[in-house]
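Text of target.tsv, listed as TSV, C-alpha atoms:
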```
chain	number	residue	atom	x	y	z
A	1	MET	CA	-11.05	17.61	24.43
A	2	SER	CA	-11.91	21.08	25.67
A	3	ILE	CA	-11.16	23.08	28.77
A	4	ILE	CA	-13.68	25.70	29.78
A	5	THR	CA	-12.82	28.20	32.47
A	6	ILE	CA	-15.52	30.23	34.14
A	7	ALA	CA	-14.11	33.40	35.61
A	8	THR	CA	-15.01	36.84	36.83
A	9	THR	CA	-13.48	38.81	39.63
A	10	LYS	CA	-16.98	39.48	40.99
A	11	GLY	CA	-18.58	36.95	43.32
A	12	GLY	CA	-22.21	35.88	42.94
A	13	ALA	CA	-22.35	36.44	39.18
A	14	GLY	CA	-23.37	32.85	38.41
A	15	LYS	CA	-20.06	31.06	37.86
A	16	THR	CA	-20.93	27.93	39.79
A	17	THR	CA	-24.46	27.79	38.34
A	18	ILE	CA	-22.99	27.80	34.83
A	19	ALA	CA	-20.40	25.19	35.85
A	20	ARG	CA	-23.17	22.90	37.13
A	21	LEU	CA	-25.17	23.47	33.98
A	22	LEU	CA	-22.25	22.70	31.65
A	23	LEU	CA	-21.04	19.66	33.58
A	24	GLY	CA	-24.54	18.28	33.91
A	25	ARG	CA	-25.62	18.78	30.32
A	26	LEU	CA	-22.37	17.47	28.85
A	27	ASN	CA	-22.54	14.47	31.14
A	28	LEU	CA	-26.11	13.77	30.07
A	29	HIS	CA	-24.84	13.86	26.48
A	30	GLY	CA	-22.49	11.01	27.35
A	31	MET	CA	-19.29	12.99	27.69
A	32	LYS	CA	-16.77	12.21	30.41
A	33	THR	CA	-16.61	15.40	32.40
A	34	ALA	CA	-14.34	16.64	35.16
A	35	ALA	CA	-14.37	19.76	37.26
A	36	LEU	CA	-11.58	21.72	38.88
A	37	ASP	CA	-13.00	23.82	41.70
A	38	ALA	CA	-10.60	26.67	42.50
A	39	ASP	CA	-13.07	28.57	44.66
A	40	PHE	CA	-12.61	29.00	48.42
A	41	ASN	CA	-16.30	28.24	48.93
A	42	HIS	CA	-15.99	24.81	47.22
A	43	SER	CA	-19.68	25.05	46.25
A	44	LEU	CA	-19.14	23.09	43.05
A	45	THR	CA	-17.28	20.33	44.90
A	46	ASP	CA	-20.08	20.09	47.46
A	47	TRP	CA	-22.69	19.95	44.71
A	48	VAL	CA	-20.93	17.23	42.73
A	49	THR	CA	-20.21	15.09	45.77
A	50	ALA	CA	-23.40	15.57	47.78
A	51	VAL	CA	-26.21	16.63	45.43
A	52	SER	CA	-25.58	15.57	41.85
A	53	LYS	CA	-26.00	11.91	40.99
A	54	LEU	CA	-23.93	12.26	37.83
A	55	PRO	CA	-20.53	10.61	37.45
A	56	ILE	CA	-18.50	13.81	37.44
A	57	LYS	CA	-14.93	13.83	38.66
A	58	VAL	CA	-14.21	16.87	40.83
A	59	VAL	CA	-10.99	18.20	42.33
A	60	HIS	CA	-10.91	21.11	44.78
A	61	GLU	CA	-7.63	22.97	44.36
A	62	LEU	CA	-6.75	26.45	45.59
A	63	ASP	CA	-2.99	26.23	45.19
A	64	GLU	CA	-2.00	28.13	42.04
A	65	THR	CA	1.06	25.93	41.59
A	66	ARG	CA	-1.26	22.90	41.27
A	67	ILE	CA	-3.79	24.34	38.78
A	68	VAL	CA	-1.87	23.56	35.59
A	69	PRO	CA	-0.71	20.05	36.65
A	70	THR	CA	-4.23	19.19	37.83
A	71	VAL	CA	-5.82	20.30	34.55
A	72	SER	CA	-3.16	18.33	32.71
A	73	ASP	CA	-4.02	15.23	34.74
A	74	LEU	CA	-7.78	15.64	34.32
A	75	GLN	CA	-7.59	16.04	30.55
A	76	GLU	CA	-5.90	12.63	30.33
A	77	ASP	CA	-9.13	10.71	30.62
A	78	HIS	CA	-11.96	13.22	30.26
A	79	ASP	CA	-13.67	14.78	27.26
A	80	MET	CA	-14.30	18.09	28.95
A	81	VAL	CA	-12.79	19.88	31.95
A	82	VAL	CA	-14.69	22.76	33.52
A	83	ILE	CA	-12.77	25.10	35.85
A	84	ASP	CA	-14.72	27.14	38.36
A	85	THR	CA	-12.71	30.01	39.85
A	86	ALA	CA	-13.01	32.23	42.90
A	87	GLY	CA	-14.79	35.57	42.68
A	88	ALA	CA	-11.57	37.56	42.88
A	89	ALA	CA	-8.47	38.10	40.77
A	90	SER	CA	-5.87	35.62	41.91
A	91	GLN	CA	-2.90	33.66	40.65
A	92	ALA	CA	-5.03	30.53	40.43
A	93	THR	CA	-7.51	32.35	38.18
A	94	ILE	CA	-4.74	33.45	35.81
A	95	PHE	CA	-3.42	29.91	35.40
A	96	ALA	CA	-6.98	28.60	34.93
A	97	ILE	CA	-7.42	31.18	32.16
A	98	GLY	CA	-4.09	30.14	30.63
A	99	CYS	CA	-5.26	26.53	30.35
A	100	ALA	CA	-8.60	27.38	28.78
A	101	ASP	CA	-9.91	26.88	25.28
A	102	VAL	CA	-12.78	29.17	26.17
A	103	VAL	CA	-13.36	31.52	29.08
A	104	ILE	CA	-16.93	32.32	30.12
A	105	VAL	CA	-17.42	35.53	32.08
A	106	PRO	CA	-20.80	35.66	33.83
A	107	VAL	CA	-22.40	39.04	34.47
A	108	ALA	CA	-25.40	39.41	36.76
A	109	THR	CA	-27.55	42.50	37.00
A	110	SER	CA	-25.43	45.00	38.87
A	111	ASN	CA	-23.02	47.78	38.04
A	112	SER	CA	-20.16	46.06	39.85
A	113	ASP	CA	-20.75	42.91	37.78
A	114	ILE	CA	-20.09	44.93	34.61
A	115	ILE	CA	-17.03	46.66	36.08
A	116	GLU	CA	-15.52	43.35	37.17
A	117	ALA	CA	-16.37	41.75	33.81
A	118	ILE	CA	-14.42	44.50	32.05
A	119	LYS	CA	-11.46	43.84	34.36
A	120	THR	CA	-11.71	40.10	33.77
A	121	ILE	CA	-11.84	40.46	29.98
A	122	ASN	CA	-8.75	42.71	30.17
A	123	LEU	CA	-7.01	40.12	32.35
A	124	ILE	CA	-7.81	37.43	29.76
A	125	LYS	CA	-6.45	39.67	26.98
A	126	SER	CA	-3.24	40.22	28.97
A	127	ALA	CA	-2.87	36.48	29.51
A	128	GLY	CA	-3.41	35.87	25.79
A	129	MET	CA	-0.77	38.44	24.87
A	130	MET	CA	1.76	36.87	27.23
A	131	MET	CA	1.02	33.41	25.85
A	132	LYS	CA	1.02	34.69	22.26
A	133	ARG	CA	-2.33	33.06	21.54
A	134	ASP	CA	-5.93	34.15	21.38
A	135	ILE	CA	-7.97	33.01	24.37
A	136	PRO	CA	-11.62	33.12	23.27
A	137	ALA	CA	-13.73	34.77	25.95
A	138	LYS	CA	-17.28	36.01	26.10
A	139	VAL	CA	-19.63	37.45	28.66
A	140	VAL	CA	-22.87	35.67	29.49
A	141	LEU	CA	-25.66	37.66	31.08
A	142	THR	CA	-27.20	35.83	34.03
A	143	ALA	CA	-30.22	36.34	36.28
A	144	VAL	CA	-31.80	38.39	33.51
A	145	GLN	CA	-35.36	39.60	34.07
A	146	PRO	CA	-36.51	40.35	30.53
A	147	GLY	CA	-38.71	43.34	29.90
A	148	THR	CA	-37.43	45.29	32.89
A	149	ASN	CA	-35.65	48.63	32.80
A	150	LEU	CA	-32.78	46.94	34.63
A	151	ALA	CA	-32.30	44.32	31.92
A	152	GLU	CA	-32.38	47.03	29.25
A	153	HIS	CA	-29.85	49.12	31.17
A	154	ILE	CA	-27.45	46.19	31.59
A	155	GLU	CA	-27.64	45.44	27.85
A	156	LYS	CA	-26.80	49.07	27.04
A	157	GLU	CA	-23.88	49.14	29.47
A	158	ILE	CA	-22.47	45.90	28.07
A	159	ALA	CA	-22.73	47.32	24.54
A	160	LYS	CA	-21.13	50.60	25.65
A	161	ALA	CA	-18.20	48.67	27.17
A	162	LYS	CA	-17.87	46.73	23.88
A	163	LEU	CA	-17.73	43.43	25.73
A	164	PRO	CA	-18.03	40.27	23.59
A	165	VAL	CA	-21.26	38.62	24.67
A	166	PHE	CA	-23.04	35.32	24.07
A	167	GLU	CA	-26.35	35.72	22.26
A	168	GLN	CA	-28.12	33.50	24.76
A	169	ARG	CA	-29.01	35.12	28.07
A	170	LEU	CA	-29.76	33.07	31.17
A	171	HIS	CA	-32.93	34.31	32.81
A	172	ARG	CA	-33.68	34.31	36.51
A	173	LEU	CA	-35.47	30.96	36.43
A	174	VAL	CA	-36.42	28.69	39.28
A	175	ALA	CA	-35.00	25.67	37.44
A	176	PHE	CA	-31.49	27.12	37.60
A	177	GLN	CA	-31.84	27.84	41.32
A	178	GLU	CA	-33.40	24.44	42.06
A	179	MET	CA	-30.44	22.75	40.43
A	180	SER	CA	-28.29	23.56	43.49
A	181	PHE	CA	-30.71	21.70	45.78
A	182	THR	CA	-31.94	18.85	43.62
A	183	GLY	CA	-29.07	18.21	41.21
A	184	VAL	CA	-31.64	18.06	38.40
A	185	ILE	CA	-30.18	19.55	35.23
A	186	PRO	CA	-32.76	21.42	33.15
A	187	VAL	CA	-33.20	19.87	29.73
A	188	ASN	CA	-36.74	21.00	28.92
A	189	GLY	CA	-38.72	24.17	29.24
A	190	PRO	CA	-37.27	27.68	29.12
A	191	ALA	CA	-34.25	26.78	31.29
A	192	GLY	CA	-33.47	23.72	29.19
A	193	ILE	CA	-33.69	25.68	25.94
A	194	GLN	CA	-31.47	28.46	27.27
A	195	ALA	CA	-28.91	25.91	28.48
A	196	THR	CA	-28.94	24.14	25.10
A	197	ASN	CA	-28.44	27.37	23.18
A	198	LEU	CA	-25.64	28.58	25.46
A	199	LEU	CA	-23.89	25.23	25.28
A	200	SER	CA	-24.08	25.32	21.51
A	201	GLU	CA	-22.48	28.77	21.40
A	202	ILE	CA	-19.73	27.70	23.82
A	203	ILE	CA	-18.87	24.62	21.75
A	204	ASP	CA	-18.75	26.75	18.61
A	205	LEU	CA	-16.30	29.08	20.33
A	206	ALA	CA	-14.06	26.30	21.67
B	1	MET	CA	-8.50	12.19	22.69
B	2	SER	CA	-5.85	14.76	21.80
B	3	LYS	CA	-3.93	15.96	24.80
B	4	LYS	CA	-2.85	19.51	25.27
B	5	ASP	CA	0.59	20.56	26.32
B	6	PHE	CA	0.50	23.02	29.19
B	7	SER	CA	4.24	23.22	29.71
B	8	ASN	CA	4.37	26.89	28.68
B	9	VAL	CA	1.37	28.11	30.69
B	10	THR	CA	3.15	28.57	34.00
B	11	ALA	CA	6.24	30.13	32.47
B	12	ASP	CA	4.31	32.51	30.23
B	13	LEU	CA	1.95	33.69	32.94
B	14	SER	CA	4.16	33.73	36.01
B	15	ALA	CA	5.00	37.45	35.61
B	16	LEU	CA	1.32	38.36	35.35
B	17	ALA	CA	0.41	36.00	38.19
B	18	ALA	CA	3.04	37.61	40.41
B	19	THR	CA	0.97	40.81	40.38
B	20	LEU	CA	-2.02	38.99	41.87
B	21	PRO	CA	-2.69	37.55	45.33
B	22	THR	CA	-2.23	33.88	46.11
B	23	GLN	CA	-5.06	31.63	47.27
B	24	ARG	CA	-2.74	29.28	49.13
B	25	THR	CA	-3.62	29.36	52.80
B	26	SER	CA	-0.23	27.86	53.67
B	27	ALA	CA	1.53	30.68	51.84
B	28	VAL	CA	-0.56	33.24	53.68
B	29	ALA	CA	0.22	31.58	57.01
B	30	ALA	CA	3.91	31.50	56.18
B	31	VAL	CA	4.17	35.27	55.95
B	32	PRO	CA	6.51	36.20	58.81
B	33	ALA	CA	5.18	38.42	61.52
B	34	LEU	CA	6.48	41.95	61.55
B	35	PRO	CA	9.39	42.35	63.95
B	36	LEU	CA	8.62	44.21	67.13
B	37	VAL	CA	9.53	47.83	66.74
B	38	LYS	CA	11.61	49.07	69.63
B	39	THR	CA	10.81	52.67	70.30
B	40	PRO	CA	14.08	54.56	70.32
B	41	ALA	CA	14.92	56.48	73.44
B	42	PRO	CA	14.50	60.23	73.09
B	43	PRO	CA	17.76	61.93	72.29
B	44	LYS	CA	19.75	62.98	75.28
B	45	PRO	CA	19.72	66.76	75.57
B	46	LYS	CA	23.16	68.18	75.06
B	47	ASN	CA	24.91	69.87	77.93
B	48	GLU	CA	22.07	69.21	80.35
B	49	PRO	CA	23.40	70.35	83.69
B	50	VAL	CA	23.94	67.68	86.35
B	51	THR	CA	23.31	68.60	89.93
B	52	GLN	CA	24.42	67.06	93.18
B	53	PHE	CA	21.81	65.78	95.57
B	54	SER	CA	22.41	64.34	99.03
B	55	LEU	CA	20.13	62.95	101.64
B	56	SER	CA	20.48	61.78	105.21
B	57	LEU	CA	19.06	58.52	106.41
B	58	ARG	CA	19.46	56.18	109.35
B	59	LYS	CA	22.57	54.07	109.31
B	60	ASP	CA	20.55	50.87	109.21
B	61	LEU	CA	18.57	52.06	106.18
B	62	ARG	CA	21.84	52.97	104.46
B	63	LYS	CA	23.08	49.39	105.06
B	64	GLN	CA	19.83	47.89	103.72
B	65	LEU	CA	20.02	50.09	100.63
B	66	SER	CA	23.60	49.02	100.00
B	67	ARG	CA	22.69	45.33	100.36
B	68	LEU	CA	19.67	45.55	98.05
B	69	ALA	CA	21.66	47.46	95.44
B	70	ASP	CA	24.44	44.86	95.61
B	71	ASP	CA	21.88	42.07	95.19
B	72	ALA	CA	20.51	43.85	92.11
B	73	GLU	CA	24.05	44.46	90.85
B	74	MET	CA	23.37	48.17	90.73
B	75	THR	CA	24.88	51.21	92.35
B	76	MET	CA	22.87	52.72	95.19
B	77	ARG	CA	22.30	55.76	93.01
B	78	ALA	CA	20.94	53.64	90.14
B	79	PHE	CA	18.88	51.56	92.57
B	80	VAL	CA	17.21	54.65	94.04
B	81	LEU	CA	16.58	56.15	90.61
B	82	ASP	CA	15.14	52.87	89.35
B	83	ALA	CA	12.77	52.77	92.33
B	84	LEU	CA	11.74	56.36	91.66
B	85	LYS	CA	11.20	55.53	88.00
B	86	ALA	CA	8.61	53.00	89.13
B	87	LYS	CA	6.87	55.85	90.92
B	88	GLY	CA	6.70	57.87	87.72
B	89	LEU	CA	9.89	59.89	87.74
B	90	ASP	CA	11.19	60.50	84.19
B	91	VAL	CA	14.33	58.39	84.50
B	92	ARG	CA	16.12	57.44	81.30
B	93	ASP	CA	18.34	54.43	80.72
B	94	ASP	CA	21.45	56.56	80.60
B	95	ASP	CA	20.57	57.93	84.04
B	96	LEU	CA	21.15	54.45	85.41
B	97	VAL	CA	24.68	54.13	84.04
B	98	ASP	CA	27.30	53.44	86.69
B	99	LEU	CA	29.14	56.75	86.75
B	100	ARG	CA	32.04	55.24	88.71
B	101	LYS	CA	33.00	53.18	85.61
B	102	GLU	CA	32.88	56.30	83.40
B	103	ARG	CA	35.07	58.15	85.85
B	104	HIS	CA	37.43	55.18	86.04
B	105	GLU	CA	37.66	54.91	82.23
B	106	VAL	CA	38.28	58.65	81.85
B	107	GLY	CA	40.91	58.54	84.60
```
Is it possible to express this structure as structure tokens?
Amino acid sequence: MSIITIATTKGGAGKTTIARLLLGRLNLHGMKTAALDADFNHSLTDWVTAVSKLPIKVVHELDETRIVPTVSDLQEDHDMVVIDTAGAASQATIFAIGCADVVIVPVATSNSDIIEAIKTINLIKSAGMMMKRDIPAKVVLTAVQPGTNLAEHIEKEIAKAKLPVFEQRLHRLVAFQEMSFTGVIPVNGPAGIQATNLLSEIIDLA
Amino acid sequence: MSKKDFSNVTADLSALAATLPTQRTSAVAAVPALPLVKTPAPPKPKNEPVTQFSLSLRKDLRKQLSRLADDAEMTMRAFVLDALKAKGLDVRDDDLVDLRKERHEVG
């Protein structure tokens, strides 16, 4: 039983894409998966209910007082719970972090993504200190365009900020973007390989 | 499946959470509106001289003025000043006080 929270205080970094990827791949592996969507935009809820054909349980919950009880309920009969948070620091995000075995912090290719990732990692550290436990958290680089000056710059900035980072980067691939329209989870090709590798690292961390 | 105990999460993190905004739309809607701020009247200048003013008018107009002031439960003086205030004269609330009562109380 694992609870994975995806959080960054920056919107558009790839939180919901990673949530879809994790839920889909774990479901295809035969695991009972559930999602808690704590984002105002309820994109994950819409995707699960209207696009994906997979049997994923999803709950849309914005009320911070309901985050912990909802996670507690979902873990009762699921192997994995994935929590997608809003792109802003909020009380709901803190409680989602507090419930997590692992927190994934997506970073897309912009300066503000890195700044918000630093803030989010610090928020996770503060939560861990208050709970007197280590909350494993790592940054995952998303929408990477390898071989570009931009990708190189982002890598340097992440290293300079000393952020813990997953080895696997998620490239800007059509398969990831198509997933939102088709519900098809990439299992083959470059997108499938990247998803497999990232999933493996996440499970190792959990 | 091993179940996790989350009983400490809320208690441990409530202080940190309190520093962050809520996402509850109901909580946002429940924030009371700011009370209307009543602009205080400008302070009354001290020792501002008061002057007498008299006017002549037809007897019938005088009777009408008296009746209208009575209907408005105002003195004729206050009624005239109130009407002039509507025309833009700088009349303050304390200008409309019934001076007869003040004189009576002092006496």
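In this structure, the chain B residues at most 8 Å away from chain A are Met1, Ser2, Lys3, Lys4, Asp5, Phe6, Asn8, Val9, Thr10, Asp12, Leu13, Leu16, Ala17, Ala18, Leu20, Pro21, Thr22, Gln23 and Arg24 of chain B, with only C-alpha atoms considered.
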Output file for the selection above: C-alpha atoms, as a CSV table (one decimal), in the coordinates of the input:
```csv
chain,number,residue,atom,x,y,z
B,1,MET,CA,-8.5,12.2,22.7
B,2,SER,CA,-5.8,14.8,21.8
B,3,LYS,CA,-3.9,16.0,24.8
B,4,LYS,CA,-2.8,19.5,25.3
B,5,ASP,CA,0.6,20.6,26.3
B,6,PHE,CA,0.5,23.0,29.2
B,8,ASN,CA,4.4,26.9,28.7
B,9,VAL,CA,1.4,28.1,30.7
B,10,THR,CA,3.2,28.6,34.0
B,12,ASP,CA,4.3,32.5,30.2
B,13,LEU,CA,2.0,33.7,32.9
B,16,LEU,CA,1.3,38.4,35.4
B,17,ALA,CA,0.4,36.0,38.2
B,18,ALA,CA,3.0,37.6,40.4
B,20,LEU,CA,-2.0,39.0,41.9
B,21,PRO,CA,-2.7,37.6,45.3
B,22,THR,CA,-2.2,33.9,46.1
B,23,GLN,CA,-5.1,31.6,47.3
B,24,ARG,CA,-2.7,29.3,49.1
```
(message) Counting only C-alpha atoms, find residues at most 12 Å from (-21.5, 47.6, 40.7) (file frame) and give them as a ChimeraX atom specification.
(response) /A:9-13,107-118,154,157
(request) Kindly give the distance, in Å, that separates atom CA of A:Pro55 and atom CA of A:Leu26, rounded to a single decimal. (result)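 Those two atoms sit 11.2 Å apart.
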(request) Fewer than 3 positions away in the same chain doesn't count, so skip those; otherwise give me all residues within 9 Å of B:Asp95, counting only C-alpha atoms, as a list in words. (result)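 Listing them by chain and then by number gives Ala78, Leu81, Val91, Arg92 and Asp98 of chain B.
Nearest to B:Thr75 of all the residues B:Ser56, B:Leu61, B:Ser14, B:Val97 is B:Val97, counting all atoms listed in the file.
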(request) Record the distance separating atom CA of A:Thr120 and atom CA of A:Pro190, expressed in Å with one decimal. (result) 28.8 Å
(message) Can you measure atom CA of A:Gly87 to atom CA of A:Lys15 for me? One decimal in Å is fine.
(response) 8.4 Å
Might I get the box with edges along x, y and z of the file that holds all atoms of stretch 113-121 of chain A listed there, padded by 6 Å on every side, given as centre and edge lengths in Å to one decimal, as lines of an AutoDock Vina configuration file?
```
center_x = -16.1
center_y = 43.4
center_z = 33.9
size_x = 21.3
size_y = 18.6
size_z = 19.8
```
(request) Kindly indicate which residue among A:Arg66, A:His171, A:His153, A:Lys162 lies nearest to A:Leu141, using all atoms listed in the file for the distances. (result) A:His171
(message) Using all atoms listed in the file for the distances, tell me which of A:Gln145, A:Gln194, A:Thr5, A:Asn27 is nearest to A:Glu167.
(response) A:Gln194
(message) Give me the residues near A:Leu21 as a count of residues only, where near means some atom within 8 Å (using all atoms listed in the file) and where sequence neighbours in that chain fewer than 3 positions away do not count.
(response) 7
(request) Excluding A:Leu54 and residues on its chain fewer than 6 positions from it, collect all residues at most 12 Å away from it, counting all atoms listed in the file, and give them as a ChimeraX atom specification. (result) /A:20-21,23-34,47-48,182-185
Store the residues picked out above, limited to C-alpha atoms, as a short mmCIF file (atom, residue, chain, number, x, y, z; two decimals), in the frame of the given file.
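Written file, result_0.cif:
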```
data_model
loop_
_atom_site.label_atom_id
_atom_site.label_comp_id
_atom_site.auth_asym_id
_atom_site.auth_seq_id
_atom_site.Cartn_x
_atom_site.Cartn_y
_atom_site.Cartn_z
CA ARG A 20 -23.17 22.90 37.13
CA LEU A 21 -25.17 23.47 33.98
CA LEU A 23 -21.04 19.66 33.58
CA GLY A 24 -24.54 18.28 33.91
CA ARG A 25 -25.62 18.78 30.32
CA LEU A 26 -22.37 17.47 28.85
CA ASN A 27 -22.54 14.47 31.14
CA LEU A 28 -26.11 13.77 30.07
CA HIS A 29 -24.84 13.86 26.48
CA GLY A 30 -22.49 11.01 27.35
CA MET A 31 -19.29 12.99 27.69
CA LYS A 32 -16.77 12.21 30.41
CA THR A 33 -16.61 15.40 32.40
CA ALA A 34 -14.34 16.64 35.16
CA TRP A 47 -22.69 19.95 44.71
CA VAL A 48 -20.93 17.23 42.73
CA THR A 182 -31.94 18.85 43.62
CA GLY A 183 -29.07 18.21 41.21
CA VAL A 184 -31.64 18.06 38.40
CA ILE A 185 -30.18 19.55 35.23
#
```
(message) Measuring between all atoms listed in the file, which one of A:Pro136, A:Pro146, A:Gly189, A:Pro106 shows the shortest distance to A:Arg172?
(response)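 Of the candidates, the smallest distance to A:Arg172 is held by A:Pro146.
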Using all atoms listed in the file, which protein or nucleic acid residues come within 10 Å of A:Leu173? Drop anything in the same chain fewer than 5 positions from it, and give the result as a CSV table (one decimal) with C-alpha atoms, in the coordinates of the input.
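The result, written out as result_30.csv:
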```
chain,number,residue,atom,x,y,z
A,142,THR,CA,-27.2,35.8,34.0
A,143,ALA,CA,-30.2,36.3,36.3
A,144,VAL,CA,-31.8,38.4,33.5
A,145,GLN,CA,-35.4,39.6,34.1
A,178,GLU,CA,-33.4,24.4,42.1
A,190,PRO,CA,-37.3,27.7,29.1
A,191,ALA,CA,-34.2,26.8,31.3
```
(request) Choose the residue, out of A:Leu22, A:Leu36, A:Ile124, A:Ala151, that has the smallest atom-to-atom separation from A:Lys138; count all atoms listed in the file. (result) A:Ile124
(request) Determine the nearest neighbour of A:Val165 from the options A:Asp84, A:Asp134, A:Glu201, A:Asp46, counting all atoms listed in the file. (result)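 Distance minimum relative to A:Val165 lands on A:Glu201.
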